[in-house]
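Participant: Supplied structure: upload29.txt, compact mmCIF, C-alpha atoms and all ligand atoms.
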# COMPACT_ATOMS: atom_id res chain seq x y z
CA MET K 1 -22.17 -19.56 7.77
CA LYS K 2 -20.65 -16.15 7.15
CA PRO K 3 -20.22 -15.46 3.42
CA LEU K 4 -16.68 -15.74 2.17
CA THR K 5 -14.71 -12.62 1.37
CA ILE K 6 -12.49 -12.87 -1.69
CA LYS K 7 -9.33 -10.78 -1.52
CA ILE K 8 -6.45 -10.35 -3.93
CA THR K 9 -2.95 -9.10 -3.14
CA LYS K 10 -0.31 -7.50 -5.31
CA ALA K 11 3.26 -6.99 -4.07
CA PHE K 12 5.71 -4.23 -5.00
CA THR K 13 9.17 -3.13 -3.95
CA PHE K 14 10.74 0.30 -3.93
CA ASP K 15 14.03 1.77 -2.76
CA ALA K 16 13.94 4.98 -0.77
CA ALA K 17 15.97 7.06 1.66
CA HIS K 18 14.73 8.80 4.77
CA PHE K 19 15.63 9.87 8.28
CA LEU K 20 13.66 10.45 11.45
CA PRO K 21 14.50 13.81 13.04
CA GLU K 22 14.94 13.59 16.82
CA HIS K 23 14.99 9.79 16.80
CA ASP K 24 17.23 8.70 19.65
CA GLY K 25 19.00 6.04 17.61
CA LYS K 26 20.54 5.44 14.20
CA CYS K 27 17.38 6.42 12.34
CA SER K 28 18.08 10.12 12.83
CA ALA K 29 20.78 9.82 10.13
CA MET K 30 19.89 9.50 6.44
CA HIS K 31 19.69 5.85 5.39
CA GLY K 32 17.89 3.67 2.88
CA HIS K 33 15.48 0.75 2.76
CA THR K 34 14.23 -1.60 0.11
CA TYR K 35 10.58 -1.49 1.08
CA ARG K 36 8.12 -4.24 0.15
CA LEU K 37 4.53 -3.11 -0.20
CA GLU K 38 1.65 -5.60 -0.28
CA VAL K 39 -1.76 -4.25 -1.22
CA SER K 40 -4.78 -6.49 -0.52
CA VAL K 41 -8.15 -5.48 -1.88
CA ALA K 42 -11.70 -6.84 -1.97
CA ARG K 43 -14.94 -5.67 -3.49
CA THR K 44 -17.13 -3.78 -1.05
CA ASP K 45 -19.69 -6.61 -1.29
CA GLY K 46 -16.93 -9.22 -0.83
CA GLN K 47 -17.88 -10.83 -4.12
CA LEU K 48 -16.61 -10.76 -7.71
CA ILE K 49 -17.42 -8.64 -10.74
CA ALA K 50 -20.47 -10.32 -12.31
CA ALA K 51 -20.21 -9.32 -15.97
CA GLY K 52 -18.07 -7.63 -18.57
CA PRO K 53 -14.37 -7.95 -19.41
CA SER K 54 -13.36 -8.32 -15.73
CA ALA K 55 -16.08 -10.84 -14.83
CA GLY K 56 -14.96 -13.26 -12.13
CA MET K 57 -12.35 -10.85 -10.76
CA VAL K 58 -12.09 -8.57 -7.70
CA ILE K 59 -10.24 -6.10 -9.90
CA ASP K 60 -7.95 -6.86 -12.82
CA PHE K 61 -4.38 -7.34 -11.45
CA PHE K 62 -3.23 -5.19 -14.37
CA HIS K 63 -5.38 -2.25 -13.21
CA LEU K 64 -4.36 -2.64 -9.58
CA ASN K 65 -0.72 -2.71 -10.65
CA GLN K 66 -1.14 0.43 -12.76
CA LEU K 67 -2.91 2.32 -9.97
CA VAL K 68 -0.36 1.47 -7.26
CA LYS K 69 2.53 2.32 -9.62
CA GLU K 70 1.06 5.72 -10.54
CA GLU K 71 -0.19 6.73 -7.11
CA ILE K 72 2.63 5.39 -4.95
CA ILE K 73 5.63 3.70 -6.50
CA ASP K 74 6.42 6.42 -9.04
CA LYS K 75 6.43 9.00 -6.23
CA VAL K 76 8.59 7.14 -3.72
CA ASP K 77 11.00 4.93 -5.68
CA HIS K 78 14.58 6.29 -5.45
CA ALA K 79 13.24 9.32 -3.60
CA ILE K 80 14.07 10.93 -0.27
CA LEU K 81 10.84 10.34 1.61
CA ASN K 82 11.35 13.40 3.83
CA ASP K 83 11.15 15.55 0.66
CA VAL K 84 8.02 13.82 -0.63
CA PHE K 85 5.90 13.82 2.54
CA SER K 86 5.25 16.45 5.20
CA PHE K 87 4.55 13.79 7.86
CA ARG K 88 7.21 11.90 9.84
CA THR K 89 8.22 9.04 7.56
CA THR K 90 7.79 6.09 9.91
CA SER K 91 6.54 2.88 8.30
CA GLU K 92 3.32 3.26 10.28
CA ASN K 93 2.63 6.73 8.83
CA LEU K 94 3.62 5.63 5.32
CA ALA K 95 1.30 2.62 5.46
CA CYS K 96 -1.63 4.76 6.71
CA HIS K 97 -1.00 7.27 3.94
CA PHE K 98 -0.88 4.57 1.25
CA TYR K 99 -4.10 3.09 2.68
CA GLN K 100 -5.88 6.45 2.39
CA VAL K 101 -4.62 7.25 -1.11
CA LEU K 102 -5.63 3.88 -2.52
CA SER K 103 -8.97 3.78 -0.65
CA GLN K 104 -9.93 7.09 -2.25
CA LYS K 105 -9.04 5.91 -5.75
CA LEU K 106 -10.58 2.44 -5.48
CA GLY K 107 -13.78 3.37 -3.64
CA ALA K 108 -15.44 4.67 -6.81
CA GLN K 109 -14.84 1.27 -8.43
CA GLY K 110 -16.59 -0.66 -5.65
CA VAL K 111 -13.27 -1.86 -4.25
CA ARG K 112 -11.95 -1.41 -0.71
CA VAL K 113 -8.43 -1.77 0.62
CA ALA K 114 -8.56 -4.71 2.99
CA LYS K 115 -4.93 -4.46 4.06
CA ILE K 116 -1.71 -2.60 3.43
CA LYS K 117 1.38 -4.48 4.56
CA LEU K 118 4.59 -2.48 4.40
CA TRP K 119 7.90 -4.22 5.02
CA GLU K 120 10.68 -1.84 6.04
CA THR K 121 13.24 -4.62 6.43
CA PRO K 122 13.01 -8.37 5.73
CA THR K 123 12.02 -8.90 9.38
CA SER K 124 9.88 -5.81 10.16
CA TYR K 125 6.49 -4.83 8.79
CA VAL K 126 3.45 -2.72 9.54
CA GLU K 127 -0.14 -3.68 8.75
CA VAL K 128 -3.02 -1.27 8.29
CA GLY K 129 -6.48 -2.52 7.47
CA ASP K 130 -10.16 -2.70 8.16
CA GLU K 131 -10.20 -6.11 9.84
ZN ZN G 201 14.50 3.80 8.24
Could you show the structure in this file as structure tokens?

Facilitator:
Amino acid sequence: MKPLTIKITKAFTFDAAHFLPEHDGKCSAMHGHTYRLEVSVARTDGQLIAAGPSAGMVIDFFHLNQLVKEEIIDKVDHAILNDVFSFRTTSENLACHFYQVLSQKLGAQGVRVAKIKLWETPTSYVEVGDE
């Protein structure tokens, strides 16, 4: 039997404005979303921390929360995304960017980003991940 992978997920919301230049619909005009961001992570070995203050965890939820707040939420909440990023601010591009930023920061701690799920509306989301 394949060994189990243990993943944890933390969810966040942020409010942001953006527009998509040259979009042939309403999205070419400035508008806002309440985005929901779900970050799922696992240890690179799929297992748990063996010893120390975080024993039995993938990563402390507190630390994951702090990292995502500092690296993402603080930069995008109540911001105009077109001013923050040089890329076209589709949900797909945003999710890929968040995946890269967090993968870089977490890699050194033996943690990988298993999935980024970014909800642009209550009925529309993008998933980026390694599985
Ligand atoms: Zn939009």

Participant: Taking only C-alpha atoms and all ligand atoms into account, list the residues no farther than 7 Å from ligand ZN 201 (chain G), as a ChimeraX atom specification.

Facilitator: /K:18-19,27,31-33

Participant: One decimal, in Å: what's the spacing between atom CA of K:Thr9 and atom CA of K:Phe87?

Facilitator: 26.5 Å

Participant: How many Å lie between atom CA of K:Asp77 and atom CA of K:Gln104, rounded to one decimal?

Facilitator: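 Interatomic distance here is 21.3 Å.
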
Participant: Tell me which of K:Leu118, K:Val128, K:Val84, K:Leu67 sits closest to K:Lys105, counting all atoms listed in the file.

Facilitator: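 Closest to K:Lys105, using all atoms listed in the file: K:Leu67.
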
Participant: Grab all the atoms of stretch 89-93 of chain K that the file lists, wrap them in a box along x, y and z, add 8 Å per side, and give me centre plus edge lengths in Å (one decimal) as JSON.

Facilitator:
{"center_x": 5.4, "center_y": 6.0, "center_z": 8.9, "size_x": 21.6, "size_y": 22.2, "size_z": 18.7}

Participant: Of the candidates K:Arg112, K:His23, K:Lys10, K:Lys75, which shows the shortest atom-to-atom distance to K:Arg88, using only C-alpha atoms?

Facilitator: K:His23

Participant: Report, in Å with one decimal, the straight-line distance from atom CA of K:Ser86 to atom CA of K:Ser124.

Facilitator: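 Separating atom CA of K:Ser86 from atom CA of K:Ser124 is a distance of 23.3 Å.
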
Participant: Let me make sure I understand: among K:Thr13, K:Ser40, K:Thr123, K:Ser28, which one has the smallest atom-to-atom distance to K:Lys69 if we use all atoms listed in the file?

Facilitator: K:Thr13

Participant: Around (3.8, 10.9, 8.2) in the file's own coordinates, what residues are found within 12 Å if you use all atoms listed in the file, given back as a PDB file with C-alpha atoms, keeping the file's coordinate frame?

Facilitator:
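Result went into point.pdb, see below:
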ATOM      1  CA  HIS K  18      14.730   8.800   4.770  1.00  0.00           C
ATOM      2  CA  PHE K  19      15.630   9.870   8.280  1.00  0.00           C
ATOM      3  CA  LEU K  20      13.660  10.450  11.450  1.00  0.00           C
ATOM      4  CA  LEU K  81      10.840  10.340   1.610  1.00  0.00           C
ATOM      5  CA  ASN K  82      11.350  13.400   3.830  1.00  0.00           C
ATOM      6  CA  ASP K  83      11.150  15.550   0.660  1.00  0.00           C
ATOM      7  CA  VAL K  84       8.020  13.820  -0.630  1.00  0.00           C
ATOM      8  CA  PHE K  85       5.900  13.820   2.540  1.00  0.00           C
ATOM      9  CA  SER K  86       5.250  16.450   5.200  1.00  0.00           C
ATOM     10  CA  PHE K  87       4.550  13.790   7.860  1.00  0.00           C
ATOM     11  CA  ARG K  88       7.210  11.900   9.840  1.00  0.00           C
ATOM     12  CA  THR K  89       8.220   9.040   7.560  1.00  0.00           C
ATOM     13  CA  THR K  90       7.790   6.090   9.910  1.00  0.00           C
ATOM     14  CA  SER K  91       6.540   2.880   8.300  1.00  0.00           C
ATOM     15  CA  GLU K  92       3.320   3.260  10.280  1.00  0.00           C
ATOM     16  CA  ASN K  93       2.630   6.730   8.830  1.00  0.00           C
ATOM     17  CA  LEU K  94       3.620   5.630   5.320  1.00  0.00           C
ATOM     18  CA  ALA K  95       1.300   2.620   5.460  1.00  0.00           C
ATOM     19  CA  CYS K  96      -1.630   4.760   6.710  1.00  0.00           C
ATOM     20  CA  HIS K  97      -1.000   7.270   3.940  1.00  0.00           C
ATOM     21  CA  PHE K  98      -0.880   4.570   1.250  1.00  0.00           C
TER      22      PHE K  98
END

Participant: Hey, which of K:Ser103, K:Ala51, K:Thr34, K:Ala114 ends up closest to K:Lys7? Count only C-alpha atoms.

Facilitator: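 Selected residue with least distance to K:Lys7: K:Ala114.
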
Participant: Could you tell me which of K:Val126, K:Ala50, K:Leu102, K:Ala16 comes closest to K:Gln66 if we count all atoms listed in the file?

Facilitator: K:Leu102

Participant: Of the residues K:Ala11, K:Pro21, K:Glu70, K:Ile59, which is the one nearest to K:Glu38, using only C-alpha atoms?

Facilitator: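 For K:Glu38, the nearest of the candidates is K:Ala11.
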
Participant: So which residues touch K:Gly110 within 9 Å, counting all atoms listed in the file, skipping near sequence neighbours fewer than 4 positions away, as a PyMOL selection string?

Facilitator: chain K and resi 42-45+106
